[in-house]
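Dropping query_18.txt in here (compact mmCIF, N, CA and C atoms):
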```txt
# COMPACT_ATOMS: atom_id res chain seq x y z
N MET A 49 190.44 2.24 161.54
CA MET A 49 191.47 3.06 160.96
C MET A 49 191.34 3.07 159.45
N GLN A 50 191.66 4.19 158.87
CA GLN A 50 191.63 4.26 157.42
C GLN A 50 192.88 3.59 156.86
N SER A 51 192.76 3.06 155.69
CA SER A 51 193.89 2.38 155.07
C SER A 51 194.69 3.39 154.25
N LEU A 52 195.95 3.53 154.58
CA LEU A 52 196.81 4.46 153.84
C LEU A 52 197.78 3.66 152.97
N SER A 53 197.82 4.00 151.72
CA SER A 53 198.75 3.38 150.79
C SER A 53 200.17 3.82 151.15
N PRO A 54 201.17 2.99 150.85
CA PRO A 54 202.55 3.41 151.12
C PRO A 54 202.94 4.65 150.31
N ASN A 55 202.25 4.87 149.20
CA ASN A 55 202.50 6.05 148.37
C ASN A 55 201.35 7.03 148.57
N LEU A 56 201.52 7.94 149.50
CA LEU A 56 200.47 8.89 149.80
C LEU A 56 200.34 9.91 148.67
N PRO A 57 199.11 10.35 148.41
CA PRO A 57 198.92 11.38 147.37
C PRO A 57 199.65 12.67 147.75
N PRO A 58 200.07 13.43 146.76
CA PRO A 58 200.80 14.68 147.03
C PRO A 58 200.04 15.64 147.96
N ASP A 59 198.73 15.73 147.83
CA ASP A 59 197.96 16.61 148.72
C ASP A 59 198.07 16.17 150.17
N THR A 60 198.03 14.88 150.41
CA THR A 60 198.16 14.35 151.77
C THR A 60 199.56 14.63 152.30
N GLN A 61 200.56 14.46 151.46
CA GLN A 61 201.93 14.74 151.88
C GLN A 61 202.12 16.21 152.25
N ARG A 62 201.53 17.10 151.45
CA ARG A 62 201.63 18.54 151.75
C ARG A 62 200.92 18.87 153.06
N GLU A 63 199.76 18.26 153.28
CA GLU A 63 199.01 18.49 154.52
C GLU A 63 199.81 17.99 155.73
N MET A 64 200.43 16.85 155.59
CA MET A 64 201.24 16.32 156.69
C MET A 64 202.44 17.22 156.98
N LEU A 65 203.07 17.75 155.93
CA LEU A 65 204.18 18.68 156.12
C LEU A 65 203.69 19.94 156.84
N ARG A 66 202.52 20.44 156.45
CA ARG A 66 201.97 21.63 157.10
C ARG A 66 201.74 21.37 158.59
N ARG A 67 201.22 20.19 158.93
CA ARG A 67 201.01 19.84 160.34
C ARG A 67 202.33 19.80 161.09
N MET A 68 203.35 19.18 160.48
CA MET A 68 204.65 19.09 161.15
C MET A 68 205.24 20.47 161.38
N LEU A 69 205.09 21.38 160.41
CA LEU A 69 205.61 22.74 160.57
C LEU A 69 204.84 23.50 161.64
N THR A 70 203.54 23.28 161.72
CA THR A 70 202.73 23.92 162.76
C THR A 70 203.21 23.47 164.14
N ILE A 71 203.44 22.17 164.28
CA ILE A 71 203.94 21.65 165.55
C ILE A 71 205.31 22.24 165.87
N ARG A 72 206.19 22.29 164.87
CA ARG A 72 207.53 22.84 165.10
C ARG A 72 207.45 24.30 165.55
N HIS A 73 206.60 25.10 164.91
CA HIS A 73 206.46 26.51 165.30
C HIS A 73 205.91 26.63 166.71
N PHE A 74 204.95 25.79 167.07
CA PHE A 74 204.41 25.81 168.43
C PHE A 74 205.52 25.48 169.43
N GLU A 75 206.31 24.46 169.12
CA GLU A 75 207.39 24.04 170.01
C GLU A 75 208.45 25.13 170.17
N GLU A 76 208.81 25.76 169.08
CA GLU A 76 209.81 26.83 169.14
C GLU A 76 209.31 27.98 170.00
N ARG A 77 208.04 28.31 169.85
CA ARG A 77 207.45 29.40 170.65
C ARG A 77 207.36 29.02 172.12
N ALA A 78 206.93 27.78 172.40
CA ALA A 78 206.82 27.33 173.79
C ALA A 78 208.20 27.32 174.45
N SER A 79 209.20 26.87 173.71
CA SER A 79 210.56 26.84 174.26
C SER A 79 211.08 28.25 174.53
N ALA A 80 210.85 29.15 173.59
CA ALA A 80 211.28 30.55 173.78
C ALA A 80 210.56 31.19 174.96
N ASP A 81 209.26 30.95 175.08
CA ASP A 81 208.50 31.51 176.20
C ASP A 81 208.98 30.94 177.53
N TYR A 82 209.31 29.65 177.54
CA TYR A 82 209.83 29.03 178.75
C TYR A 82 211.16 29.66 179.15
N LEU A 83 212.06 29.80 178.18
CA LEU A 83 213.37 30.39 178.46
C LEU A 83 213.27 31.85 178.89
N ALA A 84 212.22 32.54 178.43
CA ALA A 84 212.00 33.94 178.80
C ALA A 84 211.27 34.07 180.15
N GLY A 85 210.93 32.94 180.76
CA GLY A 85 210.26 32.97 182.06
C GLY A 85 208.77 33.20 181.97
N LYS A 86 208.19 33.04 180.79
CA LYS A 86 206.74 33.26 180.62
C LYS A 86 205.94 32.00 180.91
N ILE A 87 206.60 30.84 180.91
CA ILE A 87 205.95 29.57 181.22
C ILE A 87 206.67 28.98 182.42
N TYR A 88 205.91 28.63 183.43
CA TYR A 88 206.50 28.06 184.64
C TYR A 88 206.41 26.55 184.59
N GLY A 89 207.29 25.91 185.32
CA GLY A 89 207.30 24.46 185.33
C GLY A 89 208.30 23.94 184.31
N VAL A 90 207.94 22.86 183.64
CA VAL A 90 208.85 22.23 182.70
C VAL A 90 208.18 22.16 181.33
N VAL A 91 208.95 22.39 180.30
CA VAL A 91 208.47 22.25 178.92
C VAL A 91 209.18 21.04 178.32
N HIS A 92 208.42 20.04 177.96
CA HIS A 92 208.97 18.85 177.32
C HIS A 92 208.90 19.05 175.81
N CYS A 93 209.99 19.49 175.23
CA CYS A 93 210.00 19.80 173.80
C CYS A 93 209.84 18.55 172.93
N TYR A 94 209.20 18.75 171.81
CA TYR A 94 208.90 17.69 170.86
C TYR A 94 209.63 17.93 169.55
N ILE A 95 210.56 18.88 169.56
CA ILE A 95 211.29 19.22 168.34
C ILE A 95 212.05 17.99 167.84
N GLY A 96 211.84 17.68 166.56
CA GLY A 96 212.46 16.53 165.95
C GLY A 96 211.57 15.29 165.94
N GLU A 97 210.42 15.38 166.61
CA GLU A 97 209.50 14.24 166.68
C GLU A 97 208.14 14.55 166.05
N GLU A 98 208.07 15.63 165.30
CA GLU A 98 206.81 16.08 164.72
C GLU A 98 206.16 15.03 163.83
N ALA A 99 206.96 14.25 163.14
CA ALA A 99 206.43 13.24 162.22
C ALA A 99 205.68 12.13 162.96
N VAL A 100 206.04 11.88 164.22
CA VAL A 100 205.37 10.84 164.99
C VAL A 100 203.90 11.21 165.20
N ALA A 101 203.66 12.38 165.77
CA ALA A 101 202.27 12.81 166.02
C ALA A 101 201.51 12.97 164.71
N THR A 102 202.16 13.51 163.71
CA THR A 102 201.50 13.73 162.42
C THR A 102 201.13 12.40 161.77
N GLY A 103 202.03 11.45 161.76
CA GLY A 103 201.75 10.15 161.16
C GLY A 103 200.64 9.40 161.87
N VAL A 104 200.70 9.40 163.19
CA VAL A 104 199.66 8.72 163.98
C VAL A 104 198.31 9.37 163.74
N CYS A 105 198.26 10.68 163.83
CA CYS A 105 196.97 11.37 163.72
C CYS A 105 196.42 11.37 162.30
N THR A 106 197.26 11.24 161.31
CA THR A 106 196.79 11.12 159.93
C THR A 106 196.04 9.81 159.73
N ALA A 107 196.45 8.78 160.43
CA ALA A 107 195.83 7.46 160.30
C ALA A 107 194.55 7.30 161.12
N LEU A 108 194.22 8.28 161.95
CA LEU A 108 193.04 8.18 162.81
C LEU A 108 191.75 8.48 162.04
N ASP A 109 190.68 7.86 162.46
CA ASP A 109 189.35 8.22 161.98
C ASP A 109 188.82 9.36 162.83
N ARG A 110 187.79 10.02 162.36
CA ARG A 110 187.24 11.19 163.05
C ARG A 110 186.87 10.90 164.50
N GLY A 111 186.30 9.76 164.78
CA GLY A 111 185.85 9.45 166.14
C GLY A 111 186.91 8.85 167.04
N ASP A 112 188.09 8.60 166.52
CA ASP A 112 189.16 8.02 167.32
C ASP A 112 189.65 9.01 168.37
N ARG A 113 190.02 8.47 169.50
CA ARG A 113 190.57 9.30 170.58
C ARG A 113 192.04 8.94 170.76
N ILE A 114 192.76 9.87 171.35
CA ILE A 114 194.18 9.63 171.59
C ILE A 114 194.47 9.75 173.08
N ILE A 115 195.42 8.98 173.52
CA ILE A 115 195.95 9.06 174.88
C ILE A 115 197.44 9.22 174.72
N SER A 116 198.00 10.18 175.42
CA SER A 116 199.42 10.43 175.24
C SER A 116 200.10 10.55 176.59
N THR A 117 201.38 10.86 176.57
CA THR A 117 202.17 11.02 177.78
C THR A 117 202.49 12.49 178.00
N HIS A 118 203.66 12.78 178.47
CA HIS A 118 204.05 14.15 178.81
C HIS A 118 204.28 15.05 177.62
N ARG A 119 204.18 14.56 176.42
CA ARG A 119 204.32 15.41 175.22
C ARG A 119 203.06 15.35 174.37
N GLY A 120 201.91 15.25 174.99
CA GLY A 120 200.65 15.06 174.28
C GLY A 120 200.14 16.27 173.54
N HIS A 121 200.65 17.46 173.86
CA HIS A 121 200.15 18.67 173.21
C HIS A 121 200.32 18.61 171.69
N ASP A 122 201.38 18.01 171.23
CA ASP A 122 201.60 17.95 169.79
C ASP A 122 200.67 16.97 169.09
N HIS A 123 200.27 15.93 169.79
CA HIS A 123 199.27 15.03 169.23
C HIS A 123 197.92 15.76 169.09
N CYS A 124 197.61 16.59 170.07
CA CYS A 124 196.37 17.38 169.97
C CYS A 124 196.42 18.34 168.80
N ILE A 125 197.56 18.98 168.60
CA ILE A 125 197.71 19.89 167.46
C ILE A 125 197.58 19.11 166.15
N ALA A 126 198.25 17.97 166.04
CA ALA A 126 198.20 17.18 164.81
C ALA A 126 196.79 16.68 164.53
N LYS A 127 196.07 16.27 165.56
CA LYS A 127 194.70 15.77 165.36
C LYS A 127 193.77 16.90 164.95
N ALA A 128 193.92 18.05 165.57
CA ALA A 128 193.06 19.19 165.22
C ALA A 128 193.37 19.69 163.83
N GLN A 129 194.63 19.72 163.46
CA GLN A 129 195.02 20.20 162.14
C GLN A 129 194.51 19.26 161.05
N GLY A 130 194.26 18.02 161.42
CA GLY A 130 193.76 17.05 160.45
C GLY A 130 192.26 17.14 160.25
N GLY A 131 191.62 18.07 160.93
CA GLY A 131 190.19 18.25 160.76
C GLY A 131 189.34 17.31 161.59
N THR A 132 189.96 16.60 162.53
CA THR A 132 189.20 15.68 163.35
C THR A 132 188.71 16.34 164.64
N THR A 133 189.17 17.54 164.89
CA THR A 133 188.73 18.32 166.04
C THR A 133 188.28 19.66 165.48
N PRO A 134 187.21 20.25 166.01
CA PRO A 134 186.62 21.41 165.36
C PRO A 134 187.48 22.66 165.24
N ALA A 135 188.39 22.92 166.14
CA ALA A 135 189.09 24.20 166.09
C ALA A 135 190.58 24.04 166.31
N TRP A 136 191.32 25.02 165.87
CA TRP A 136 192.76 25.08 166.14
C TRP A 136 192.96 25.11 167.64
N PRO A 137 193.76 24.22 168.18
CA PRO A 137 193.81 24.04 169.62
C PRO A 137 194.81 24.89 170.37
N SER A 138 195.39 25.92 169.75
CA SER A 138 196.45 26.64 170.44
C SER A 138 196.01 27.16 171.80
N LYS A 139 194.83 27.75 171.88
CA LYS A 139 194.35 28.25 173.17
C LYS A 139 194.10 27.10 174.13
N ALA A 140 193.55 26.01 173.64
CA ALA A 140 193.27 24.87 174.49
C ALA A 140 194.55 24.22 174.98
N VAL A 141 195.55 24.11 174.13
CA VAL A 141 196.81 23.50 174.53
C VAL A 141 197.54 24.40 175.50
N VAL A 142 197.60 25.68 175.18
CA VAL A 142 198.28 26.62 176.07
C VAL A 142 197.54 26.74 177.39
N ALA A 143 196.26 26.43 177.40
CA ALA A 143 195.48 26.51 178.63
C ALA A 143 195.96 25.52 179.68
N VAL A 144 196.83 24.62 179.30
CA VAL A 144 197.40 23.70 180.28
C VAL A 144 198.07 24.51 181.39
N SER A 145 198.69 25.64 181.04
CA SER A 145 199.42 26.41 182.03
C SER A 145 198.53 27.32 182.88
N PRO A 146 198.10 28.47 182.38
CA PRO A 146 197.43 29.41 183.27
C PRO A 146 195.94 29.17 183.49
N ASP A 147 195.18 28.81 182.46
CA ASP A 147 193.73 28.72 182.61
C ASP A 147 193.25 27.36 182.15
N ARG A 148 193.01 26.48 183.07
CA ARG A 148 192.66 25.09 182.73
C ARG A 148 191.20 24.93 182.33
N SER A 149 190.41 25.97 182.38
CA SER A 149 188.99 25.81 182.05
C SER A 149 188.77 25.45 180.60
N GLN A 150 189.69 25.81 179.72
CA GLN A 150 189.56 25.51 178.29
C GLN A 150 190.56 24.46 177.84
N ALA A 151 191.20 23.78 178.78
CA ALA A 151 192.31 22.90 178.44
C ALA A 151 191.91 21.63 177.74
N THR A 152 192.69 21.29 176.75
CA THR A 152 192.59 19.98 176.11
C THR A 152 193.40 18.99 176.94
N LEU A 153 194.49 19.47 177.50
CA LEU A 153 195.36 18.66 178.34
C LEU A 153 195.34 19.24 179.74
N ILE A 154 195.30 18.42 180.72
CA ILE A 154 195.38 18.90 182.10
C ILE A 154 196.53 18.17 182.76
N GLY A 155 197.53 18.92 183.16
CA GLY A 155 198.70 18.28 183.76
C GLY A 155 199.55 19.26 184.50
```

Please go through the file and, once you have read it, give me the structure as structure tokens.
Amino acid sequence: MQSLSPNLPPDTQREMLRRMLTIRHFEERASADYLAGKIYGVVHCYIGEEAVATGVCTALDRGDRIISTHRGHDHCIAKAQGGTTPAWPSKAVVAVSPDRSQATLIG
């Protein structure tokens, strides 16, 4: 793990805020789609917990892997947004529902 000072540089703080906002927007959209009947099953919202995934994934090294529970999609978003995964995972995360061939999460 990389060593993070208790006083993070302003650029790191801005990047972490951007990740948290990305997660929040994903969650708001997933919740709205669920309520509109576009997503079947259950949506486990992560609203209010964005800092957990962002903080954990900021401390990871490039080769580190994550294992999560029923709210793992936000950890995948936070890890990808940190540049440790090659692409923005929205399609891969959303693939959990209709098309699992591209899924980052299978559940």

Minimum-distance residue to Met68 in chain A, chosen among A:Leu56, A:Val90, A:Gly96, A:Ala107 (using only C-alpha atoms): A:Gly96

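With only C-alpha atoms as the atoms that count, the minimum distance from Arg62 in chain A to the choices A:Thr102, A:Val91, A:Ala78, A:Arg110 is reached by A:Thr102.
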
Straight-line distance linking atom N of Val100 in chain A with CA of Glu76 in chain A, stated in Å to one decimal: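 Taking atom N of Val100 in chain A and CA of Glu76 in chain A, their separation equals 16.2 Å.
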
Atomic distance CA of Thr106 in chain A - atom C of Pro58 in chain A, expressed in Å with one decimal: 13.2 Å

Between CA of His73 in chain A and CA of Pro54 in chain A - distance in Å to one decimal: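 Going from CA of Pro54 in chain A over to CA of His73 in chain A covers 27.4 Å.
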
Close residues, Leu65 in chain A itself excluded, 12 Å, only C-alpha atoms, min 2 positions apart in chain, as a ChimeraX atom specification: /A:58-63,67-72,98-103,106,126,129-130

Any chance you can output those residues with N, CA and C atoms as a short mmCIF file (atom, residue, chain, number, x, y, z; two decimals), keeping the file's coordinate frame?
```cif
data_model
loop_
_atom_site.label_atom_id
_atom_site.label_comp_id
_atom_site.auth_asym_id
_atom_site.auth_seq_id
_atom_site.Cartn_x
_atom_site.Cartn_y
_atom_site.Cartn_z
N PRO A 58 200.07 13.43 146.76
CA PRO A 58 200.80 14.68 147.03
C PRO A 58 200.04 15.64 147.96
N ASP A 59 198.73 15.73 147.83
CA ASP A 59 197.96 16.61 148.72
C ASP A 59 198.07 16.17 150.17
N THR A 60 198.03 14.88 150.41
CA THR A 60 198.16 14.35 151.77
C THR A 60 199.56 14.63 152.30
N GLN A 61 200.56 14.46 151.46
CA GLN A 61 201.93 14.74 151.88
C GLN A 61 202.12 16.21 152.25
N ARG A 62 201.53 17.10 151.45
CA ARG A 62 201.63 18.54 151.75
C ARG A 62 200.92 18.87 153.06
N GLU A 63 199.76 18.26 153.28
CA GLU A 63 199.01 18.49 154.52
C GLU A 63 199.81 17.99 155.73
N ARG A 67 201.22 20.19 158.93
CA ARG A 67 201.01 19.84 160.34
C ARG A 67 202.33 19.80 161.09
N MET A 68 203.35 19.18 160.48
CA MET A 68 204.65 19.09 161.15
C MET A 68 205.24 20.47 161.38
N LEU A 69 205.09 21.38 160.41
CA LEU A 69 205.61 22.74 160.57
C LEU A 69 204.84 23.50 161.64
N THR A 70 203.54 23.28 161.72
CA THR A 70 202.73 23.92 162.76
C THR A 70 203.21 23.47 164.14
N ILE A 71 203.44 22.17 164.28
CA ILE A 71 203.94 21.65 165.55
C ILE A 71 205.31 22.24 165.87
N ARG A 72 206.19 22.29 164.87
CA ARG A 72 207.53 22.84 165.10
C ARG A 72 207.45 24.30 165.55
N GLU A 98 208.07 15.63 165.30
CA GLU A 98 206.81 16.08 164.72
C GLU A 98 206.16 15.03 163.83
N ALA A 99 206.96 14.25 163.14
CA ALA A 99 206.43 13.24 162.22
C ALA A 99 205.68 12.13 162.96
N VAL A 100 206.04 11.88 164.22
CA VAL A 100 205.37 10.84 164.99
C VAL A 100 203.90 11.21 165.20
N ALA A 101 203.66 12.38 165.77
CA ALA A 101 202.27 12.81 166.02
C ALA A 101 201.51 12.97 164.71
N THR A 102 202.16 13.51 163.71
CA THR A 102 201.50 13.73 162.42
C THR A 102 201.13 12.40 161.77
N GLY A 103 202.03 11.45 161.76
CA GLY A 103 201.75 10.15 161.16
C GLY A 103 200.64 9.40 161.87
N THR A 106 197.26 11.24 161.31
CA THR A 106 196.79 11.12 159.93
C THR A 106 196.04 9.81 159.73
N ALA A 126 198.25 17.97 166.04
CA ALA A 126 198.20 17.18 164.81
C ALA A 126 196.79 16.68 164.53
N GLN A 129 194.63 19.72 163.46
CA GLN A 129 195.02 20.20 162.14
C GLN A 129 194.51 19.26 161.05
N GLY A 130 194.26 18.02 161.42
CA GLY A 130 193.76 17.05 160.45
C GLY A 130 192.26 17.14 160.25
#
```
